[in-house]
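upload_30.cif (mmCIF, C-alpha atoms and all ligand atoms)
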data_target
loop_
_atom_site.label_atom_id
_atom_site.label_comp_id
_atom_site.auth_asym_id
_atom_site.auth_seq_id
_atom_site.Cartn_x
_atom_site.Cartn_y
_atom_site.Cartn_z
CA MET A 1041 -4.01 8.89 -3.44
CA SER A 1042 -4.82 6.39 -0.69
CA LYS A 1043 -2.79 3.20 -0.29
CA SER A 1044 -5.63 1.18 -1.84
CA GLU A 1045 -5.92 3.52 -4.83
CA LYS A 1046 -2.18 3.29 -5.43
CA LEU A 1047 -2.24 -0.48 -5.23
CA TYR A 1048 -5.21 -0.68 -7.58
CA ALA A 1049 -3.48 1.59 -10.11
CA ARG A 1050 -0.58 -0.90 -10.14
CA ALA A 1051 -2.96 -3.86 -10.32
CA LEU A 1052 -4.75 -2.41 -13.35
CA LYS A 1053 -1.48 -2.54 -15.27
CA VAL A 1054 -0.99 -6.26 -14.74
CA MET A 1055 -4.41 -7.91 -14.42
CA PRO A 1056 -7.58 -7.42 -16.49
CA GLY A 1057 -9.77 -5.17 -14.36
CA GLY A 1058 -6.93 -5.13 -11.83
CA ILE A 1059 -8.09 -8.37 -10.24
CA SER A 1060 -7.66 -12.14 -10.48
CA ARG A 1061 -11.29 -12.94 -9.63
CA ASN A 1062 -14.31 -10.76 -10.27
CA THR A 1063 -15.64 -11.33 -6.75
CA ILE A 1064 -13.35 -8.74 -5.18
CA LEU A 1065 -14.14 -5.88 -7.57
CA ARG A 1066 -15.50 -2.77 -5.89
CA LYS A 1067 -15.89 0.68 -7.36
CA PRO A 1068 -14.02 2.95 -7.38
CA HIS A 1069 -11.41 0.38 -6.29
CA PRO A 1070 -11.21 -2.92 -4.37
CA ILE A 1071 -10.11 -2.94 -0.76
CA TYR A 1072 -7.02 -4.88 0.25
CA ALA A 1073 -6.80 -7.00 3.37
CA ALA A 1074 -3.97 -6.34 5.80
CA TYR A 1075 -5.04 -9.13 8.15
CA GLY A 1076 -8.02 -11.06 9.43
CA GLN A 1077 -8.71 -12.29 12.93
CA GLY A 1078 -11.77 -14.29 13.93
CA CYS A 1079 -14.81 -12.75 12.23
CA ARG A 1080 -13.10 -9.42 11.46
CA VAL A 1081 -10.96 -8.21 8.55
CA THR A 1082 -8.76 -5.13 8.70
CA ASP A 1083 -7.84 -3.49 5.41
CA ILE A 1084 -4.62 -1.68 4.52
CA GLN A 1085 -6.32 1.64 5.29
CA GLY A 1086 -6.74 0.41 8.87
CA VAL A 1087 -10.53 -0.05 8.64
CA THR A 1088 -11.93 -3.13 10.39
CA ARG A 1089 -15.16 -4.79 9.27
CA ILE A 1090 -17.22 -7.76 10.47
CA ASP A 1091 -16.95 -10.47 7.83
CA PHE A 1092 -20.21 -12.07 6.69
CA ALA A 1093 -18.66 -12.93 3.31
CA ASN A 1094 -16.05 -15.35 4.70
CA ASN A 1095 -14.30 -15.65 1.36
CA VAL A 1096 -17.63 -16.51 -0.23
CA ALA A 1097 -18.83 -18.97 2.38
CA SER A 1098 -15.55 -20.83 2.62
CA LEU A 1099 -14.24 -19.88 6.08
CA ILE A 1100 -16.23 -21.73 8.69
CA HIS A 1101 -13.98 -20.59 11.56
CA GLY A 1102 -13.28 -17.09 10.27
CA HIS A 1103 -9.68 -15.96 9.92
CA ALA A 1104 -6.45 -17.28 11.41
CA HIS A 1105 -7.95 -19.83 13.78
CA PRO A 1106 -5.09 -20.64 16.19
CA ALA A 1107 -5.41 -24.43 15.86
CA ILE A 1108 -5.28 -24.24 12.06
CA VAL A 1109 -2.36 -21.80 12.10
CA THR A 1110 -0.37 -24.08 14.42
CA ALA A 1111 -1.04 -27.26 12.44
CA VAL A 1112 -0.33 -25.66 9.05
CA THR A 1113 2.84 -23.97 10.30
CA GLU A 1114 4.14 -27.32 11.48
CA GLN A 1115 3.31 -28.98 8.15
CA LEU A 1116 4.84 -26.09 6.16
CA SER A 1117 8.21 -26.68 7.73
CA LYS A 1118 8.04 -30.28 6.47
CA GLY A 1119 7.10 -29.40 2.88
CA SER A 1120 3.99 -28.33 1.06
CA ALA A 1121 3.69 -30.59 -1.99
CA PHE A 1122 5.26 -33.85 -3.12
CA THR A 1123 5.09 -36.27 -6.04
CA VAL A 1124 4.32 -38.92 -3.45
CA GLY A 1125 1.39 -39.38 -1.09
CA THR A 1126 1.15 -38.17 2.51
CA GLU A 1127 -0.50 -39.54 5.61
CA ALA A 1128 -2.41 -36.26 5.87
CA GLU A 1129 -4.44 -37.17 2.80
CA VAL A 1130 -5.44 -40.60 4.09
CA VAL A 1131 -6.37 -39.34 7.54
CA TYR A 1132 -8.45 -36.52 6.12
CA ALA A 1133 -10.24 -38.77 3.61
CA GLU A 1134 -11.15 -41.05 6.54
CA HIS A 1135 -12.62 -38.08 8.38
CA ILE A 1136 -14.74 -36.84 5.44
CA ILE A 1137 -15.98 -40.37 4.67
CA ALA A 1138 -17.02 -40.80 8.30
CA ARG A 1139 -19.23 -37.69 8.16
CA ASN A 1140 -21.80 -39.15 5.78
CA PRO A 1141 -22.76 -42.82 5.19
CA GLY A 1142 -23.36 -42.06 1.49
CA PHE A 1143 -19.67 -41.18 1.07
CA GLU A 1144 -18.24 -44.62 0.32
CA LYS A 1145 -15.19 -43.41 -1.61
CA MET A 1146 -13.77 -39.96 -2.32
CA ARG A 1147 -11.04 -38.01 -4.06
CA PHE A 1148 -9.64 -34.55 -3.39
CA VAL A 1149 -9.21 -31.85 -6.04
CA ASN A 1150 -8.30 -28.14 -5.86
CA SER A 1151 -11.51 -26.13 -6.28
CA GLY A 1152 -15.27 -26.40 -6.33
CA THR A 1153 -15.19 -25.97 -10.11
CA GLU A 1154 -12.94 -28.99 -10.40
CA ALA A 1155 -15.10 -30.98 -7.97
CA VAL A 1156 -18.25 -30.38 -10.02
CA MET A 1157 -16.39 -31.07 -13.28
CA SER A 1158 -15.04 -34.33 -11.89
CA CYS A 1159 -18.52 -35.40 -10.74
CA ILE A 1160 -19.90 -34.73 -14.22
CA LYS A 1161 -17.06 -36.62 -15.90
CA ALA A 1162 -17.44 -39.52 -13.46
CA ALA A 1163 -21.19 -39.64 -14.17
CA ARG A 1164 -20.55 -39.68 -17.90
CA ALA A 1165 -17.91 -42.38 -17.55
CA PHE A 1166 -20.19 -44.51 -15.37
CA THR A 1167 -23.29 -44.21 -17.57
CA GLY A 1168 -21.64 -43.85 -20.97
CA ARG A 1169 -23.99 -40.89 -21.61
CA ALA A 1170 -23.00 -37.34 -22.51
CA LYS A 1171 -25.79 -35.04 -21.31
CA ILE A 1172 -26.33 -33.53 -17.90
CA ALA A 1173 -29.28 -31.60 -16.49
CA LYS A 1174 -28.97 -28.60 -14.22
CA VAL A 1175 -31.20 -26.02 -12.61
CA GLU A 1176 -31.67 -22.64 -14.30
CA GLY A 1177 -29.74 -19.89 -12.50
CA SER A 1178 -27.71 -22.22 -10.31
CA TYR A 1179 -23.98 -21.48 -9.93
CA HIS A 1180 -21.62 -24.44 -9.99
CA GLY A 1181 -18.29 -22.89 -11.01
CA LEU A 1182 -16.67 -22.34 -14.39
CA TYR A 1183 -16.83 -25.71 -16.22
CA ASP A 1184 -18.54 -25.07 -19.58
CA TYR A 1185 -21.35 -27.53 -18.92
CA ALA A 1186 -21.92 -26.58 -15.30
CA GLU A 1187 -22.19 -22.86 -16.01
CA VAL A 1188 -24.92 -23.09 -18.68
CA SER A 1189 -27.91 -20.81 -17.92
CA GLN A 1190 -26.35 -19.54 -14.73
CA THR A 1191 -26.88 -15.94 -15.82
CA ALA A 1192 -29.93 -16.47 -18.06
CA GLY A 1193 -32.25 -13.45 -18.02
CA PRO A 1194 -35.63 -12.41 -19.41
CA ALA A 1195 -34.06 -11.50 -22.77
CA ASN A 1196 -32.75 -15.01 -23.45
CA TRP A 1197 -34.16 -17.56 -21.00
CA GLY A 1198 -37.08 -18.53 -23.29
CA ASN A 1199 -40.41 -20.07 -22.43
CA ALA A 1200 -40.72 -21.16 -18.78
CA ARG A 1201 -41.92 -24.59 -19.90
CA GLU A 1202 -38.83 -25.05 -22.05
CA PRO A 1203 -35.90 -23.09 -20.54
CA ARG A 1204 -33.15 -22.46 -23.08
CA SER A 1205 -29.52 -23.46 -22.58
CA VAL A 1206 -27.89 -20.05 -22.36
CA PRO A 1207 -24.09 -19.68 -22.46
CA VAL A 1208 -22.26 -17.58 -19.87
CA SER A 1209 -18.97 -17.10 -21.72
CA HIS A 1210 -18.87 -15.86 -25.28
CA GLY A 1211 -17.69 -18.63 -27.60
CA THR A 1212 -19.06 -21.53 -25.54
CA PRO A 1213 -19.23 -24.47 -27.97
CA GLN A 1214 -22.75 -25.19 -29.23
CA GLY A 1215 -22.06 -28.82 -28.41
CA ALA A 1216 -21.74 -27.94 -24.71
CA LEU A 1217 -25.07 -26.09 -24.79
CA ASP A 1218 -26.75 -28.99 -26.61
CA ASP A 1219 -25.54 -31.39 -23.94
CA VAL A 1220 -27.05 -29.46 -21.03
CA VAL A 1221 -30.74 -29.78 -20.21
CA VAL A 1222 -32.05 -26.87 -18.13
CA ILE A 1223 -34.78 -27.49 -15.57
CA PRO A 1224 -36.67 -25.03 -13.36
CA PHE A 1225 -35.97 -24.94 -9.61
CA ASN A 1226 -38.61 -26.34 -7.26
CA ASP A 1227 -41.08 -27.32 -9.99
CA PRO A 1228 -40.99 -31.13 -9.82
CA GLU A 1229 -43.66 -31.80 -12.44
CA LEU A 1230 -42.19 -29.54 -15.08
CA ALA A 1231 -38.64 -30.66 -14.29
CA VAL A 1232 -39.59 -34.31 -14.68
CA SER A 1233 -41.44 -33.67 -17.94
CA ILE A 1234 -38.33 -31.94 -19.34
CA LEU A 1235 -36.04 -34.72 -18.09
CA ASP A 1236 -38.34 -37.30 -19.70
CA GLN A 1237 -37.61 -35.79 -23.10
CA HIS A 1238 -33.92 -36.70 -22.64
CA ARG A 1239 -34.37 -40.08 -20.98
CA ASP A 1240 -31.57 -42.49 -22.02
CA GLN A 1241 -29.22 -39.58 -22.79
CA LEU A 1242 -28.69 -38.08 -19.35
CA ALA A 1243 -25.63 -39.03 -17.31
CA GLY A 1244 -26.86 -37.10 -14.30
CA VAL A 1245 -28.82 -34.26 -12.75
CA LEU A 1246 -26.78 -31.62 -10.92
CA LEU A 1247 -28.48 -29.99 -7.97
CA ASP A 1248 -27.60 -27.47 -5.24
CA LEU A 1249 -30.02 -27.93 -2.34
CA LEU A 1250 -29.78 -24.30 -1.17
CA PRO A 1251 -28.63 -22.46 -4.29
CA HIS A 1252 -27.05 -19.14 -3.48
CA ARG A 1253 -27.57 -17.37 -6.81
CA ILE A 1254 -31.18 -18.46 -7.05
CA GLY A 1255 -31.84 -16.80 -3.72
CA VAL A 1256 -30.60 -19.00 -0.83
CA ILE A 1257 -33.99 -20.72 -1.09
CA PRO A 1258 -34.10 -24.35 0.07
CA ALA A 1259 -35.04 -26.98 -2.51
CA SER A 1260 -38.48 -28.35 -1.65
CA ASP A 1261 -38.82 -31.93 -0.38
CA ALA A 1262 -40.99 -32.74 -3.40
CA PHE A 1263 -38.39 -31.40 -5.84
CA VAL A 1264 -35.52 -33.34 -4.28
CA ALA A 1265 -37.61 -36.52 -4.06
CA ALA A 1266 -38.65 -36.17 -7.70
CA ILE A 1267 -35.05 -35.77 -8.89
CA ARG A 1268 -33.92 -38.72 -6.77
CA LYS A 1269 -36.71 -40.93 -8.13
CA TRP A 1270 -36.28 -39.83 -11.73
CA THR A 1271 -32.53 -40.41 -11.76
CA ARG A 1272 -32.91 -43.81 -10.11
CA ASP A 1273 -35.68 -44.89 -12.51
CA ASN A 1274 -33.77 -43.74 -15.58
CA GLY A 1275 -30.24 -44.94 -14.97
CA ALA A 1276 -28.87 -41.42 -14.40
CA LEU A 1277 -26.96 -40.18 -11.36
CA MET A 1278 -28.05 -37.59 -8.83
CA ILE A 1279 -25.15 -35.20 -8.22
CA CYS A 1280 -25.44 -32.80 -5.30
CA ASP A 1281 -23.26 -29.71 -5.35
CA GLU A 1282 -22.52 -29.19 -1.67
CA VAL A 1283 -19.53 -26.93 -2.27
CA ILE A 1284 -21.22 -24.29 -0.12
CA THR A 1285 -23.98 -26.21 1.63
CA PHE A 1286 -21.86 -28.88 3.29
CA ARG A 1287 -21.65 -26.37 6.15
CA SER A 1288 -25.40 -26.88 6.80
CA ASN A 1289 -25.17 -30.17 8.70
CA TYR A 1290 -22.48 -32.54 9.89
CA GLY A 1291 -22.93 -34.58 6.71
CA GLY A 1292 -24.17 -31.77 4.45
CA ALA A 1293 -27.52 -30.27 3.45
CA GLN A 1294 -28.58 -33.65 2.05
CA GLU A 1295 -29.28 -34.72 5.66
CA TRP A 1296 -32.30 -32.39 5.65
CA TYR A 1297 -33.89 -34.50 2.92
CA GLY A 1298 -32.91 -38.01 3.90
CA VAL A 1299 -31.73 -38.65 0.35
CA THR A 1300 -28.44 -40.17 -0.69
CA PRO A 1301 -27.09 -38.67 -3.90
CA ASP A 1302 -24.89 -40.88 -6.04
CA LEU A 1303 -22.14 -38.25 -6.03
CA THR A 1304 -21.52 -35.12 -3.97
CA ALA A 1305 -19.21 -32.23 -4.90
CA LEU A 1306 -17.46 -30.57 -1.95
CA GLY A 1307 -15.17 -27.56 -1.62
CA LYS A 1308 -14.81 -24.22 0.16
CA MET A 1309 -14.94 -24.82 3.94
CA ILE A 1310 -13.37 -28.29 3.79
CA GLY A 1311 -10.07 -26.63 2.84
CA GLY A 1312 -9.78 -24.90 6.23
CA GLY A 1313 -8.95 -21.65 4.38
CA PHE A 1314 -6.88 -23.20 1.56
CA PRO A 1315 -7.88 -24.06 -2.04
CA VAL A 1316 -9.81 -27.32 -2.18
CA GLY A 1317 -12.47 -29.45 -3.79
CA ALA A 1318 -13.53 -33.06 -3.40
CA LEU A 1319 -15.98 -35.57 -4.77
CA ALA A 1320 -17.50 -38.34 -2.72
CA GLY A 1321 -20.15 -40.97 -3.25
CA ARG A 1322 -21.01 -44.47 -4.34
CA ALA A 1323 -18.03 -46.81 -4.44
CA ASP A 1324 -19.13 -48.39 -7.74
CA VAL A 1325 -19.38 -44.97 -9.38
CA MET A 1326 -16.07 -43.74 -7.97
CA GLU A 1327 -14.53 -46.93 -9.35
CA VAL A 1328 -14.43 -45.24 -12.79
CA MET A 1329 -11.42 -43.31 -11.41
CA ASN A 1330 -9.60 -46.41 -10.19
CA PRO A 1331 -6.33 -46.83 -12.13
CA LEU A 1332 -6.03 -50.37 -10.72
CA SER A 1333 -9.13 -51.54 -12.55
CA ASP A 1334 -8.86 -53.36 -15.87
CA THR A 1335 -10.72 -50.60 -17.63
CA LEU A 1336 -9.90 -47.12 -16.38
CA LEU A 1337 -12.87 -45.09 -17.61
CA PHE A 1338 -11.97 -41.68 -16.15
CA PRO A 1339 -8.24 -40.98 -15.75
CA HIS A 1340 -7.90 -38.31 -13.08
CA TYR A 1341 -4.89 -36.15 -12.15
CA GLY A 1342 -4.16 -32.83 -10.42
CA THR A 1343 -0.74 -31.48 -9.45
CA PHE A 1344 -1.80 -29.95 -6.14
CA SER A 1345 -4.69 -32.29 -5.33
CA ALA A 1346 -4.53 -33.49 -1.70
CA ASN A 1347 -1.46 -31.41 -0.92
CA PRO A 1348 -0.62 -31.74 2.78
CA ILE A 1349 -1.18 -28.06 3.60
CA THR A 1350 -4.82 -28.17 2.49
CA MET A 1351 -5.28 -31.62 4.00
CA THR A 1352 -3.93 -30.50 7.37
CA ALA A 1353 -5.89 -27.22 7.48
CA GLY A 1354 -9.05 -28.92 6.29
CA ARG A 1355 -8.86 -31.77 8.77
CA VAL A 1356 -8.32 -29.46 11.74
CA ALA A 1357 -11.15 -27.17 10.58
CA MET A 1358 -13.56 -30.06 10.11
CA GLU A 1359 -12.67 -31.77 13.37
CA LEU A 1360 -13.49 -28.48 15.10
CA PHE A 1361 -16.76 -28.28 13.16
CA ASP A 1362 -18.30 -31.19 15.04
CA GLN A 1363 -22.01 -31.80 15.58
CA GLY A 1364 -22.13 -29.36 18.52
CA ALA A 1365 -20.43 -26.60 16.52
CA VAL A 1366 -22.80 -27.18 13.57
CA ASP A 1367 -25.85 -26.94 15.84
CA ASP A 1368 -24.57 -23.80 17.58
CA LEU A 1369 -23.82 -22.06 14.29
CA ASN A 1370 -27.22 -22.94 12.81
CA ALA A 1371 -28.94 -21.69 15.98
CA LEU A 1372 -27.03 -18.41 15.70
CA ALA A 1373 -28.13 -18.16 12.07
CA ASP A 1374 -31.79 -18.70 13.13
CA TYR A 1375 -31.30 -15.78 15.48
CA ALA A 1376 -29.75 -13.73 12.64
CA ARG A 1377 -32.65 -14.47 10.28
CA SER A 1378 -35.25 -13.50 12.89
CA SER A 1379 -33.31 -10.32 13.81
CA ILE A 1380 -33.13 -9.41 10.12
CA ALA A 1381 -36.85 -10.06 9.67
CA GLN A 1382 -37.53 -7.78 12.64
CA ALA A 1383 -35.33 -5.03 11.15
CA ILE A 1384 -37.24 -5.30 7.85
CA LYS A 1385 -40.56 -5.07 9.72
CA THR A 1386 -39.43 -2.03 11.70
CA ALA A 1387 -38.10 -0.31 8.59
CA ASP A 1388 -41.45 -1.06 6.92
CA VAL A 1389 -39.92 -1.70 3.50
CA PRO A 1390 -40.76 -4.30 0.81
CA ALA A 1391 -37.97 -6.72 1.69
CA CYS A 1392 -37.59 -10.24 3.06
CA VAL A 1393 -34.95 -12.63 4.31
CA THR A 1394 -34.35 -16.18 3.06
CA GLY A 1395 -31.87 -18.85 4.07
CA LYS A 1396 -31.34 -21.98 6.09
CA GLY A 1397 -28.51 -23.57 8.04
CA SER A 1398 -25.77 -20.97 8.51
CA MET A 1399 -26.67 -18.71 5.57
CA PHE A 1400 -29.08 -15.88 4.88
CA ARG A 1401 -29.92 -13.51 2.05
CA VAL A 1402 -31.76 -10.20 2.07
CA HIS A 1403 -34.05 -9.61 -0.93
CA LEU A 1404 -35.66 -6.30 -1.78
CA LYS A 1405 -38.91 -8.08 -2.57
CA PRO A 1406 -41.94 -8.25 -0.28
CA GLU A 1407 -42.22 -12.05 -0.55
CA ALA A 1408 -39.49 -14.68 -0.57
CA PRO A 1409 -39.04 -15.76 -4.20
CA THR A 1410 -39.70 -19.41 -4.93
CA SER A 1411 -37.82 -19.77 -8.22
CA TYR A 1412 -34.94 -18.27 -10.19
CA ARG A 1413 -37.29 -16.34 -12.47
CA ALA A 1414 -39.37 -15.03 -9.54
CA GLY A 1415 -36.20 -13.99 -7.70
CA TYR A 1416 -34.64 -12.23 -10.68
CA ALA A 1417 -33.95 -8.65 -9.54
CA SER A 1418 -35.38 -5.73 -11.54
CA ALA A 1419 -33.10 -2.84 -12.51
CA GLN A 1420 -34.60 -0.75 -9.68
CA GLU A 1421 -34.04 -3.51 -7.13
CA THR A 1422 -30.46 -3.98 -8.33
CA LEU A 1423 -29.72 -0.28 -7.80
CA ALA A 1424 -31.35 -0.21 -4.38
CA LEU A 1425 -29.51 -3.39 -3.35
CA LYS A 1426 -26.21 -1.84 -4.40
CA ALA A 1427 -27.02 1.21 -2.25
CA LEU A 1428 -27.81 -1.08 0.68
CA LEU A 1429 -24.57 -3.05 0.22
CA ASP A 1430 -22.61 0.21 0.04
CA TYR A 1431 -24.26 1.35 3.25
CA LEU A 1432 -23.40 -1.88 5.04
CA PHE A 1433 -19.83 -1.75 3.72
CA GLY A 1434 -19.48 1.89 4.80
CA HIS A 1435 -20.73 0.96 8.27
CA GLY A 1436 -18.42 -1.96 8.89
CA PHE A 1437 -19.77 -5.11 7.19
CA LEU A 1438 -18.41 -7.33 4.43
CA MET A 1439 -21.22 -9.11 2.59
CA ILE A 1440 -21.42 -11.42 -0.42
CA GLU A 1441 -22.42 -9.21 -3.38
CA THR A 1442 -25.97 -10.65 -3.53
CA CYS A 1443 -26.55 -9.30 0.02
CA SER A 1444 -26.07 -12.78 1.35
CA GLY A 1445 -24.26 -13.60 4.55
CA THR A 1446 -22.63 -16.70 5.94
CA LEU A 1447 -21.82 -17.15 9.59
CA SER A 1448 -18.55 -18.32 11.09
CA THR A 1449 -17.97 -19.97 14.47
CA PRO A 1450 -16.20 -16.96 16.08
CA MET A 1451 -19.42 -14.91 15.69
CA THR A 1452 -21.72 -14.24 18.63
CA ARG A 1453 -25.08 -12.57 19.14
CA ALA A 1454 -23.21 -9.27 19.62
CA GLU A 1455 -22.10 -9.23 15.96
CA ILE A 1456 -25.59 -10.27 14.80
CA ASP A 1457 -27.21 -7.48 16.86
CA GLN A 1458 -24.76 -4.98 15.42
CA PHE A 1459 -25.59 -6.21 11.92
CA ALA A 1460 -29.37 -6.04 12.46
CA ASP A 1461 -29.11 -2.47 13.79
CA THR A 1462 -27.00 -1.40 10.81
CA LEU A 1463 -29.30 -3.19 8.37
CA LEU A 1464 -32.28 -1.33 9.85
CA ALA A 1465 -30.50 2.02 9.36
CA GLY A 1466 -29.47 0.94 5.84
CA LEU A 1467 -33.02 -0.02 4.89
CA GLN A 1468 -34.30 3.32 6.19
CA HIS A 1469 -31.56 5.01 4.16
CA ILE A 1470 -32.63 3.35 0.87
CA LYS A 1471 -36.38 3.46 1.59
CA PRO A 1472 -37.00 6.37 -0.82
CA GLN A 1473 -35.51 4.22 -3.60
CA LEU A 1474 -37.92 1.37 -2.98
CA GLY A 1475 -40.97 3.15 -4.39
C1 LIG B 1501 -22.35 -24.06 -5.26
C2 LIG B 1501 -21.00 -23.81 -5.83
N1 LIG B 1501 -20.42 -24.76 -6.59
C3 LIG B 1501 -19.18 -24.61 -7.12
C4 LIG B 1501 -18.47 -23.44 -6.90
C5 LIG B 1501 -17.10 -23.29 -7.49
O1 LIG B 1501 -16.14 -23.34 -6.49
P1 LIG B 1501 -14.68 -22.69 -6.71
O2 LIG B 1501 -14.88 -21.20 -6.71
O3 LIG B 1501 -13.88 -23.20 -5.56
O4 LIG B 1501 -14.19 -23.20 -8.03
C6 LIG B 1501 -19.03 -22.43 -6.11
C7 LIG B 1501 -18.29 -21.17 -5.87
O5 LIG B 1501 -18.81 -20.17 -5.43
C8 LIG B 1501 -20.33 -22.60 -5.58
O6 LIG B 1501 -20.91 -21.66 -4.86
#
Spell out the structure here as structure tokens.
Ligand SMILES: Cc1ncc(COP(=O)(O)O)c(C=O)c1O
Amino acid sequence: MSKSEKLYARALKVMPGGISRNTILRKPHPIYAAYGQGCRVTDIQGVTRIDFANNVASLIHGHAHPAIVTAVTEQLSKGSAFTVGTEAEVVYAEHIIARNPGFEKMRFVNSGTEAVMSCIKAARAFTGRAKIAKVEGSYHGLYDYAEVSQTAGPANWGNAREPRSVPVSHGTPQGALDDVVVIPFNDPELAVSILDQHRDQLAGVLLDLLPHRIGVIPASDAFVAAIRKWTRDNGALMICDEVITFRSNYGGAQEWYGVTPDLTALGKMIGGGFPVGALAGRADVMEVMNPLSDTLLFPHYGTFSANPITMTAGRVAMELFDQGAVDDLNALADYARSSIAQAIKTADVPACVTGKGSMFRVHLKPEAPTSYRAGYASAQETLALKALLDYLFGHGFLMIETCSGTLSTPMTRAEIDQFADTLLAGLQHIKPQLG
């Protein structure tokens, strides 16, 4: 038995499926990291791979960035968590607030799930309304309301004009499903007509501007403008989930659209490699969390929220990710997307690449899908995609399981060229499966 097999056999005895998060599952067994450096990860078998997964889009500077290691090591020796505040939290909040004029006030939490949940609860507290709307197929973490219809499929998603609220976890309360209105991605007219049916009941509309699960397809200008207008006209809040997409611009993907959401959920990269989440937005909305106010509408706690390790790592990471670094990374991603498109053309297979900012996704479809339903992979595509991912893995690349990739600042054109060459060989390898 290999070291990884032995470790997995032990893991199976103590964790369901042998893992603490489904993301790392691989068959016949997961791989285990020995160490990471820059954009490479070496596993305990001694195999090194180029990392396009970056802990699911959360490592903007790759692994073990020296400045982050130094700052965190220094903070560790002073303590990692207190029942009092730290300067690190104040300094970092000032930095995040300064990145986007729409961020008037903010709070830190511990994960993206918690950030989205806190935005939803703040929106409810502010409006006094219970329902939220979300886009079919969009992933926003594990909160009951936020996960509705994330995995909806042809067997249960219902009529396109009236998407059903489909639970992800068995036993989801019917009340949670009833309080979530599902709208289609990038169809402003239909979305607005559905929202109109719940006017006066909606606390907010939750939106990811470049939703990964839907296909790393950018929201259209018309869709974003329609949601902004509808929420404003109807006393509901626009909540942007920028847990992944904050990496797209200095102040987040919302800069592409020139819109100011009422609340934004943040997470992933702003932790500098440590667990994090945050919510930021309008001061009057964030006031619902203010324990100094006469009426505290949304009491908010969290044992490890704003711990000084995360605050220190996050601040150093974000200071390094300045406007120049953002522009360089996005330019490298443009190069990656065009290299991938060229590989697809050379391989002459029905595939395409989507993405924007510092992310891309390879689809085994001839045209870029424009909606969740159009992007839904057939059984044949799913099998072929798995074969492609296995090929990339076997030839030195870690990808997100949807065949998506996120770039990190230690990457250069050399890694992109290597990836495009391997992708070309991988596409040629699976070509017979593509019919
Ligand atoms: C867009 C989006 N929102 C929220 C989350 C949840 O974040 P976390 O896994 O930190 O709870 C994720 C995680 O992948 C995400 O991609």
>> Give me the residues near region 1120-1136 of chain A as JSON, numbers by chain, where near means some atom within 6 Å (using all atoms listed in the file) and where sequence neighbours in that chain fewer than 5 positions away do not count.
In response: {"A": [1346, 1347, 1348, 1349, 1351, 1355]}
Could the residues in this selection be written to a file with C-alpha atoms, as an mmCIF file, in the frame of the given file?
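Written file, part.cif:
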data_model
loop_
_atom_site.group_PDB
_atom_site.id
_atom_site.type_symbol
_atom_site.label_atom_id
_atom_site.label_comp_id
_atom_site.auth_asym_id
_atom_site.auth_seq_id
_atom_site.Cartn_x
_atom_site.Cartn_y
_atom_site.Cartn_z
ATOM 1 C CA ALA A 1346 -4.530 -33.490 -1.700
ATOM 2 C CA ASN A 1347 -1.460 -31.410 -0.920
ATOM 3 C CA PRO A 1348 -0.620 -31.740 2.780
ATOM 4 C CA ILE A 1349 -1.180 -28.060 3.600
ATOM 5 C CA MET A 1351 -5.280 -31.620 4.000
ATOM 6 C CA ARG A 1355 -8.860 -31.770 8.770
#
>> For a test of reading the model, state the distance in Å between CA of Ala1049 (chain A) and CA of Pro1068 (chain A), rounded to one decimal.
In response: 11.0 Å
>> So, with all atoms listed in the file as the atoms that count, which of A:Lys1396, A:Tyr1341, A:Val1096, A:Met1278 lies closest to Trp1296 (chain A)?
In response: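 With all atoms listed in the file as the atom set, the closest residue is A:Lys1396.
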> Pick the closest to Ala1320 (chain A) from A:Asp1368, A:Glu1114, A:Glu1282, A:Glu1295: which is it, counting only C-alpha atoms?
Replying inline: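 Going through A:Asp1368, A:Glu1114, A:Glu1282, A:Glu1295 one by one, the smallest distance to Ala1320 (chain A) is for A:Glu1282.
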>> Give me, as a VMD selection string, the set of residues whose atoms come within 9 Å of any atom of ligand LIG 1501 (chain B), counting all atoms listed in the file.
In response: chain A and resid 1096 to 1098 1150 to 1156 1178 to 1183 1186 1247 to 1248 1250 to 1253 1281 to 1285 1305 to 1308 1315 to 1317
>> Just to confirm, what's the straight-line distance from CA of Ala1265 (chain A) to CA of Ala1365 (chain A) in Å (one decimal)?
In response: 28.6 Å
>> Please compute the CA of Thr1167 (chain A)-CA of Asp1261 (chain A) distance, one decimal, in Å.
In response: 26.2 Å
>> Here's a test: counting only C-alpha atoms, identify every protein, DNA and RNA residue with an atom at most 9 Å from (-24.6, -43.0, -23.9) in the file's coordinate frame, and state them as a list in words.
In response: Arg1164, Thr1167, Gly1168, Arg1169, Ala1170, Lys1171, Asp1240, Gln1241, Leu1242 and Ala1243 of chain A
Grab the residues selected above and save them as a compact mmCIF listing (two decimals), keeping the file's coordinate frame with C-alpha atoms.
# COMPACT_ATOMS: atom_id res chain seq x y z
CA ARG A 1164 -20.55 -39.68 -17.90
CA THR A 1167 -23.29 -44.21 -17.57
CA GLY A 1168 -21.64 -43.85 -20.97
CA ARG A 1169 -23.99 -40.89 -21.61
CA ALA A 1170 -23.00 -37.34 -22.51
CA LYS A 1171 -25.79 -35.04 -21.31
CA ASP A 1240 -31.57 -42.49 -22.02
CA GLN A 1241 -29.22 -39.58 -22.79
CA LEU A 1242 -28.69 -38.08 -19.35
CA ALA A 1243 -25.63 -39.03 -17.31
> For Arg1139 (chain A), which residue among A:Ser1378, A:Thr1352, A:Gln1294, A:Thr1343 is the nearest when counting all atoms listed in the file?
Replying inline: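 When distances to Arg1139 (chain A) are compared using all atoms listed in the file, the smallest one comes from A:Gln1294.
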